[in-house]
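*Asks:* After the structure tokens below, expect a handful of questions from me.
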There are 4 protein chains.
Amino acid sequence: MSGNTFGKLLTLTTFGESHGAAVGGIIDGFPAGIKIDTRFIENELHRRRPGHSSLTSPRAETDTIEILSGILDDVTLGTPIGFIIKNTDQKTADYQDLKDVFRPSHADFTYQQKFGIRDHRGGGRASARETAVRVAGGAFAKIFLQRKGIKIFGYTRKIGPVEIPANFSVSEQQDVERNEVRCPHPGTAVKMIEYIEKLQQEGDSTGGVVGCLITGVPPGIGEPVFNRLQADLASAVMSINAAKGFEYGMGFHSAEMKGSEHNDPFKADSTSAGKKKIQPATNKAGGILGGISTGEDIYFNVAFKPPSSINKQTHFMDEYGNDKQLTLQGRYDPCVIPRAVPVVEAMAALVIADHMLIDSGYHL
Amino acid sequence: MSGNTFGKLLTLTTFGESHGAAVGGIIDGFPAGIKIDTRFIENELHRRRPGHSSLTSPRAETDTIEILSGILDDVTLGTPIGFIIKNTDQKTADYQDLKDVFRPSHADFTYQQKFGIRDHRGGGRASARETAVRVAGGAFAKIFLQRKGIKIFGYTRKIGPVEIPANFSVSEQQDVERNEVRCPHPGTAVKMIEYIEKLQQEGDSTGGVVGCLITGVPPGIGEPVFNRLQADLASAVMSINAAKGFEYGMGFHSAEMKGSEHNDPFKADSTSAGKKKIQPATNKAGGILGGISTGEDIYFNVAFKPPSSINKQTHFMDEYGNDKQLTLQGRYDPCVIPRAVPVVEAMAALVIADHMLIDSGYHL
Amino acid sequence: MSGNTFGKLLTLTTFGESHGAAVGGIIDGFPAGIKIDTRFIENELHRRRPGHSSLTSPRAETDTIEILSGILDDVTLGTPIGFIIKNTDQKTADYQDLKDVFRPSHADFTYQQKFGIRDHRGGGRASARETAVRVAGGAFAKIFLQRKGIKIFGYTRKIGPVEIPANFSVSEQQDVERNEVRCPHPGTAVKMIEYIEKLQQEGDSTGGVVGCLITGVPPGIGEPVFNRLQADLASAVMSINAAKGFEYGMGFHSAEMKGSEHNDPFKADSTSAGKKKIQPATNKAGGILGGISTGEDIYFNVAFKPPSSINKQTHFMDEYGNDKQLTLQGRYDPCVIPRAVPVVEAMAALVIADHMLIDSGYHL
Amino acid sequence: MSGNTFGKLLTLTTFGESHGAAVGGIIDGFPAGIKIDTRFIENELHRRRPGHSSLTSPRAETDTIEILSGILDDVTLGTPIGFIIKNTDQKTADYQDLKDVFRPSHADFTYQQKFGIRDHRGGGRASARETAVRVAGGAFAKIFLQRKGIKIFGYTRKIGPVEIPANFSVSEQQDVERNEVRCPHPGTAVKMIEYIEKLQQEGDSTGGVVGCLITGVPPGIGEPVFNRLQADLASAVMSINAAKGFEYGMGFHSAEMKGSEHNDPFKADSTSAGKKKIQPATNKAGGILGGISTGEDIYFNVAFKPPSSINKQTHFMDEYGNDKQLTLQGRYDPCVIPRAVPVVEAMAALVIADHMLIDSGYHL
């Protein structure tokens, strides 16, 4: 397996199987002299963690981060930040039945095809547990971005057929942590919870859409061709387990629009210095033109498929082509959307922070 | 500008402004000993070229590729393939009026913000002309993939509100080159053409969706975490001008699905060797599980916004915040979807070929 | 700090300060299905470790590696191998005096210049402790290479003015572990030890040269331009603490040679298949031509400066420009050459293994 | 062939065979708004060009650079700079005899082993002609560095046994362009020329050493572990054809030194602001500590082997193992050292400029 490093100047390299000793990572290229509040990082990990809601998997991951390097007296040294998160709740025995089973729509089959071997315990490297490391890495990126006035705000937009109203305006001021589904629209949140509970009873699962809003990015960030900001954001979030789609600005809806509807005119505001400040008057573009930030809000959506592990299913095929009847007893979520919110935020934070560093070279 | 190199082992590095001397690129890592049919590459370039349909921009780009290295007697040497495509139809004067104008929803504004300077002639580096180089690079990748039995088939799925029927099954056997819009469903093609012609008369433009089908990829290709096949495909196509969304498999529709609907069960076919061959019985996954190919068809969609240059618009804002009235006289397309088809294919081909090379290291 | 990842397909990313909680790393891209003998890795770490010879620093590093991922039942999974080596002998208090001192020829000064902050305890990230992680990573690479019949053999060539005789032929059959200086020529080893002991008494230190011989590399490995095998080897070993020079083949001596002396003629041996096998008859080239392996032995030398920490020196300058008198009480080596041997081997192993993986893409 | 891209943020990607249509490259990541004097670039190319001295190959390369993108009205746009240098003096017929010959100590053999095919005309991609593109890329880097007060000064240190006196102090003020061998010490230059002329008559060739001095690099540039400044410089120059060794600071001589001799004490100078400025009082380190620049001069040496093409040799082995008698009639140099000077400078300039850009991210 190659490809476990993300980023160019600010990089996150990760390791870890779901039921091995630990997952962890190395953040490289993080600027020196930045004060790190460990509680913030732990809180971000807590937001991703299953088990703290009746709606999610009961796995009791404690997700305590141990920072092994790169920080002295709570301040970054500029050297790589190595960290681990131990896997404490490893019930390997739970997975014995799965040893030779290819669970439908899981990566069991493809890992076996690629590597000729796989860690069958809880999905191994393909487990969503891997995303804990992304959240930790993203938490560091967020701390850096906060100093620059940049905020990353993720939220649940849709769960199954339940969606926030089209005319509802999302703002980073809204508090999505107040409800279990991280939906900024309270009425919709109630319906989402009902929908998930219903599926839970059926032993089924549901997909959904995570929205993300990034505010405060100065104009001029991003590289215009292959590393367009939207290309790097797409790569970042499409690398998350179960992500099936990415769109920014008007997204797939833009396909139906006319140029005269979609274009954002510019406006000129007088500044105190007597000079005019030009910026887009509307923001259908989603804060990016030609791969470079306009200075307006960046917003995008990520579609996730329903979790493949469902209790409804009891027939499986083993590696030899035989039918195998078993009941999955592990820790399964009927809906991962609320937990995907901090993962999407983390990946977005890594992209924006990396591009901030890359861009600085132009202003030497 | 950094980020003009795409790929890891098989790389394409590109250069060129729309109205400079030439655009071009360097393909590195291409295997040796492969026969190159230059006519195939020229035909791919022809497919992207504007001006050969009443529906597209009248710019008469001849797009003749000059291969400068890497090939001897039509066979690849394994050394980098350098090539240029001269810009022959450069009417710089056409763009004089635009020198200090920020066209709405173009990259004029963001380039100026980032670099403090820009080539105003036809969009400079931000012009769709840059995609000619991608198509040339992709054509080489396609030649390599054809030898492996892999085909990349792009087509127009939707233009404005006109879409191919939901129950229409796309196959790489269909001939999309027979109609001007590259739609595999003839009846829909007619309606798409009518819609574009109508917008052309209004001086407006439309967005659309390009679909892409990749057949013949063996199981086991792709890297499971950050370089998941879908992440690299998303990055590849979201780096194309005007792309606003990417989805694969059930895509955004999967958000509304239940696990019991979305899961692909496995089936076991007996092989002549008496062993059973296991593979997914259905392919809602879109040919990828855990970032790795399953051996089934890979399929995805890319949404494009409507072109920002429209004749309808006559009021612009210049860099100083003043209103400027002018009529765009350059070469504008009411719809770029048909021309985007070969660009999407090219980017997909580069991704798959690169991953084929990366994967080979596992089987040493 | 960026640049803590080494390699292209097989990568090693490292972290860790000398007196932090741990040093460690992530090996990515390592092939699946390879049996790992942990004792071999521990033995490699033992070879680098100080404290097991009267000639080296008395720091009692136990250097126990904890492998956290990527291996199941002693076999590699193809997923990233995360590992840590805890820092057990951290006497932070020993370094209190150094908090505001720039030790001559150490990195204290430059880290402060770059980052505005530094971990003063034992050199922090600039400590030779960082090389333990390289040795661990290299041990994995060696296991891979052994399966391909490739051996990496490092040895001490020179310590101060004491050098192995010019006409002595080095072979990977020689056992360098039998003497404390890892010199394959027993008579020279005795003189080297005497020389080091003399310097130890003087409170001084000495430089030296490590030689390295790589056997069994098949012809055709390496990339011909910027990633020439010798360029990547040079980069690999010049990134080791205290390395001041690299040469391969005839090295600096070749500057004085004539073409007629330096050229290696080819010879043709008849093979059992009746075809002739062509290969260089001599190997002044050092096993590489045009950046690509010839199939002959690869051999190179690395010069190391004398350790900057010496007991002789008692006057230092602090950050404010004041003279500060102190006796270094930490763990200092009069000569690091014998311990540098496994580090040089490790870096060479990583380079060759990476190039083996990269090369496989050409033979698809 | 992979590995034709050099650098991280400022990259040079190159292509081209010696006797193909052209060599060329793409410079990516070059800052915007920088005035480019094309005559400076042409002069750099002229310095590398053979044929303008009786001592070098008579090949009449005109080496005219055609810049195809990235520059408008002589000012960089921040977009990639594509350029080509046409191969005008291609006497393909001259090389017909070499079609199936493996010239001793050339890359003919290894290219054939790696790729199964090769361009036999004048060495193809392995020809020193490839270095013209490095010189062009380096010329751009030099223009950037000049604005930062950084100078790169290369010179001939040694040719065969003839060397500049050990006590001669090299300064970037010296004019090495006044003599054909680019030696800053006039008396030595005369002896070098005599030595080369003698070998020319014998039909033989000689190696040598190029020295390089870099002044004006601010303290704090470089990455402390794998991308140490010296590691990247070593990689850069060891990737040049015929380079066999690299050393910086005291280099191989440091192996014989004691710590007490090699250490550079610090000194503190009072500044006008009343604060003390601390810097090394001597510079045996060669301007780098822990991989990071100290602010002092960076100096290093590169050893080159004698050119393998000599007229003395008339017996060759062909691919089939047969003896083949022929006289090389192409363009051969008895000594490439003077021409290697601008190539070494170019590679050094690319490294320093790239690290300047990378470093800027730390000061956000």
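In the structure tokens, the first chain shown is A, the next is B, and so on; residue numbers restart at 1 for each chain, and ligands run from 1 in the order shown.
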Residues within 12 Å of Lys244 of chain D, please, as a count of residues only. Count only C-alpha atoms; anything in the same chain fewer than 3 positions from it doesn't count.
*Replies:* 49
*Asks:* Taking the DSSP assignment computed from this structure's backbone, write out as a PyMOL selection string all residues of segment 143-273 of chain C that belong to strand (DSSP E or B).
*Replies:* chain C and resi 151-159+162-163+206+208-215+243-248+258+266-270
*Asks:* Counting only C-alpha atoms, give me one row per residue of chain B with an atom at most 8 Å from an atom of chain D, showing the shortest contact pair and its distance in Å to one decimal, sorted by chain then residue number, as CSV.
*Replies:*
residue,atom,partner,partner_atom,distance
B:Met1,CA,D:Gly29,CA,4.7
B:Ser2,CA,D:Gly29,CA,4.1
B:Gly3,CA,D:Asp28,CA,7.5
B:Asn4,CA,D:Asp28,CA,6.8
B:Leu9,CA,D:Ser2,CA,6.4
B:Leu10,CA,D:Ser2,CA,7.3
B:Thr13,CA,D:Thr13,CA,7.5
B:Thr14,CA,D:Ile26,CA,7.5
B:Phe15,CA,D:Pro80,CA,5.3
B:Gly16,CA,D:Ser69,CA,5.0
B:Glu17,CA,D:Ser69,CA,6.1
B:Gly20,CA,D:Ser69,CA,5.9
B:Ala21,CA,D:Leu68,CA,5.1
B:Ala22,CA,D:Leu68,CA,5.6
B:Val23,CA,D:Leu68,CA,7.4
B:Gly24,CA,D:Gly82,CA,7.6
B:Gly25,CA,D:Ile26,CA,7.9
B:Ile26,CA,D:Phe15,CA,6.9
B:Asp28,CA,D:Ser2,CA,5.4
B:Gly29,CA,D:Ser2,CA,4.1
B:Phe30,CA,D:Met1,CA,6.7
B:Pro31,CA,D:Met1,CA,7.3
B:Ala32,CA,D:Phe115,CA,5.6
B:Gly33,CA,D:Ile117,CA,6.7
B:Leu68,CA,D:Ala21,CA,5.1
B:Ser69,CA,D:Gly16,CA,5.0
B:Gly70,CA,D:Gly16,CA,7.0
B:Leu72,CA,D:Asp119,CA,7.0
B:Leu77,CA,D:Arg118,CA,6.0
B:Gly78,CA,D:Met1,CA,5.0
B:Thr79,CA,D:Met1,CA,4.8
B:Pro80,CA,D:Phe15,CA,5.3
B:Ile81,CA,D:Phe15,CA,6.6
B:Gly82,CA,D:Phe15,CA,5.6
B:Phe115,CA,D:Ala32,CA,5.6
B:Gly116,CA,D:Gly33,CA,7.2
B:Ile117,CA,D:Leu77,CA,6.1
B:Arg118,CA,D:Leu77,CA,6.0
B:Asp119,CA,D:Leu72,CA,7.0
B:Arg125,CA,D:Thr79,CA,7.0
*Asks:* If you run DSSP on the backbone here, which positions in segment 266-359 of chain C get alpha helix (DSSP H)? Please write them as an mmCIF file with N, CA, C and O atoms, in the first residue's frame.
*Replies:*
data_model
loop_
_atom_site.group_PDB
_atom_site.id
_atom_site.type_symbol
_atom_site.label_atom_id
_atom_site.label_comp_id
_atom_site.auth_asym_id
_atom_site.auth_seq_id
_atom_site.Cartn_x
_atom_site.Cartn_y
_atom_site.Cartn_z
ATOM 1 N N ILE C 337 32.013 6.528 13.451
ATOM 2 C CA ILE C 337 32.096 5.760 12.196
ATOM 3 C C ILE C 337 31.527 4.344 12.325
ATOM 4 O O ILE C 337 30.691 3.952 11.496
ATOM 5 N N PRO C 338 31.934 3.563 13.327
ATOM 6 C CA PRO C 338 31.386 2.200 13.392
ATOM 7 C C PRO C 338 29.862 2.192 13.499
ATOM 8 O O PRO C 338 29.197 1.349 12.882
ATOM 9 N N ARG C 339 29.304 3.140 14.248
ATOM 10 C CA ARG C 339 27.851 3.213 14.372
ATOM 11 C C ARG C 339 27.203 3.763 13.103
ATOM 12 O O ARG C 339 26.010 3.535 12.861
ATOM 13 N N ALA C 340 27.968 4.510 12.307
ATOM 14 C CA ALA C 340 27.410 5.044 11.063
ATOM 15 C C ALA C 340 27.254 3.942 10.013
ATOM 16 O O ALA C 340 26.455 4.072 9.082
ATOM 17 N N VAL C 341 28.004 2.846 10.176
ATOM 18 C CA VAL C 341 27.958 1.761 9.185
ATOM 19 C C VAL C 341 26.525 1.262 8.960
ATOM 20 O O VAL C 341 26.043 1.257 7.819
ATOM 21 N N PRO C 342 25.799 0.855 10.008
ATOM 22 C CA PRO C 342 24.429 0.383 9.740
ATOM 23 C C PRO C 342 23.490 1.470 9.234
ATOM 24 O O PRO C 342 22.513 1.161 8.542
ATOM 25 N N VAL C 343 23.787 2.727 9.556
ATOM 26 C CA VAL C 343 22.931 3.809 9.053
ATOM 27 C C VAL C 343 23.124 3.978 7.546
ATOM 28 O O VAL C 343 22.152 4.121 6.782
ATOM 29 N N VAL C 344 24.377 3.942 7.111
ATOM 30 C CA VAL C 344 24.663 4.026 5.673
ATOM 31 C C VAL C 344 24.011 2.846 4.956
ATOM 32 O O VAL C 344 23.353 3.012 3.911
ATOM 33 N N GLU C 345 24.150 1.665 5.502
ATOM 34 C CA GLU C 345 23.518 0.476 4.895
ATOM 35 C C GLU C 345 22.005 0.653 4.771
ATOM 36 O O GLU C 345 21.409 0.321 3.747
ATOM 37 N N ALA C 346 21.413 1.178 5.844
ATOM 38 C CA ALA C 346 19.950 1.339 5.853
ATOM 39 C C ALA C 346 19.499 2.281 4.746
ATOM 40 O O ALA C 346 18.535 2.000 4.010
ATOM 41 N N MET C 347 20.193 3.408 4.609
ATOM 42 C CA MET C 347 19.793 4.375 3.581
ATOM 43 C C MET C 347 19.994 3.780 2.187
ATOM 44 O O MET C 347 19.169 3.991 1.290
ATOM 45 N N ALA C 348 21.083 3.044 2.007
ATOM 46 C CA ALA C 348 21.322 2.406 0.709
ATOM 47 C C ALA C 348 20.229 1.376 0.412
ATOM 48 O O ALA C 348 19.733 1.279 -0.725
ATOM 49 N N ALA C 349 19.846 0.620 1.433
ATOM 50 C CA ALA C 349 18.807 -0.403 1.234
ATOM 51 C C ALA C 349 17.486 0.236 0.821
ATOM 52 O O ALA C 349 16.790 -0.263 -0.071
ATOM 53 N N LEU C 350 17.150 1.361 1.450
ATOM 54 C CA LEU C 350 15.905 2.047 1.096
ATOM 55 C C LEU C 350 15.929 2.513 -0.359
ATOM 56 O O LEU C 350 14.938 2.402 -1.078
ATOM 57 N N VAL C 351 17.074 3.039 -0.794
ATOM 58 C CA VAL C 351 17.187 3.521 -2.180
ATOM 59 C C VAL C 351 17.029 2.367 -3.168
ATOM 60 O O VAL C 351 16.253 2.459 -4.136
ATOM 61 N N ILE C 352 17.748 1.292 -2.929
ATOM 62 C CA ILE C 352 17.716 0.187 -3.899
ATOM 63 C C ILE C 352 16.324 -0.450 -3.935
ATOM 64 O O ILE C 352 15.789 -0.742 -5.015
ATOM 65 N N ALA C 353 15.726 -0.648 -2.772
ATOM 66 C CA ALA C 353 14.388 -1.262 -2.743
ATOM 67 C C ALA C 353 13.374 -0.379 -3.465
ATOM 68 O O ALA C 353 12.548 -0.863 -4.245
ATOM 69 N N ASP C 354 13.445 0.913 -3.227
ATOM 70 C CA ASP C 354 12.524 1.838 -3.888
ATOM 71 C C ASP C 354 12.689 1.754 -5.412
ATOM 72 O O ASP C 354 11.708 1.665 -6.154
ATOM 73 N N HIS C 355 13.919 1.755 -5.862
ATOM 74 C CA HIS C 355 14.161 1.692 -7.309
ATOM 75 C C HIS C 355 13.738 0.347 -7.903
ATOM 76 O O HIS C 355 13.335 0.290 -9.074
ATOM 77 N N MET C 356 13.817 -0.713 -7.125
ATOM 78 C CA MET C 356 13.318 -2.009 -7.617
ATOM 79 C C MET C 356 11.814 -1.912 -7.885
ATOM 80 O O MET C 356 11.326 -2.393 -8.911
ATOM 81 N N LEU C 357 11.093 -1.277 -6.962
ATOM 82 C CA LEU C 357 9.643 -1.127 -7.137
ATOM 83 C C LEU C 357 9.322 -0.226 -8.325
ATOM 84 O O LEU C 357 8.447 -0.524 -9.137
ATOM 85 N N ILE C 358 10.035 0.896 -8.418
ATOM 86 C CA ILE C 358 9.782 1.833 -9.518
ATOM 87 C C ILE C 358 10.029 1.149 -10.862
ATOM 88 O O ILE C 358 9.264 1.298 -11.809
ATOM 89 N N ASP C 359 11.096 0.388 -10.925
ATOM 90 C CA ASP C 359 11.471 -0.244 -12.184
ATOM 91 C C ASP C 359 10.433 -1.243 -12.664
ATOM 92 O O ASP C 359 10.285 -1.469 -13.867
#
*Asks:* In Å, rounded to a single decimal, give me how far atom CA of Ile193 of chain B is from atom CA of Val181 of chain B.
*Replies:*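 Result for atom CA of Val181 of chain B versus atom CA of Ile193 of chain B: 6.9 Å, one decimal.
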*Asks:* Can you work out the spacing between atom CA of Lys151 of chain D and atom CA of Thr215 of chain D in Å, to one decimal?
*Replies:* 5.3 Å
*Asks:* So that I can check the surroundings of Thr314 of chain A, please list as number ranges by chain every protein, DNA and RNA residue that reaches within 8 Å of it, counting only C-alpha atoms and ignoring chain neighbours fewer than 3 positions away.
*Replies:* A: 311, 325-328
*Asks:* Quick one: distance from atom CA of Pro161 of chain B to atom CA of Ser127 of chain B in Å, one decimal?
*Replies:*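 Computed distance, atom CA of Pro161 of chain B to atom CA of Ser127 of chain B, equals 26.0 Å.
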*Asks:* Using only C-alpha atoms, which residues sit within 8 Å of Ile196 of chain B once same-chain residues fewer than 6 positions away are excluded, as a PyMOL selection string?
*Replies:* chain B and resi 55+205-206+334-335
*Asks:* Could you list, as a list in words, every residue within 8 Å of Tyr320 of chain A, counting only C-alpha atoms and ignoring same-chain residues fewer than 3 positions away?
*Replies:*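 Answer for this query is Met317 of chain A; Lys276 and Ile278 of chain B.
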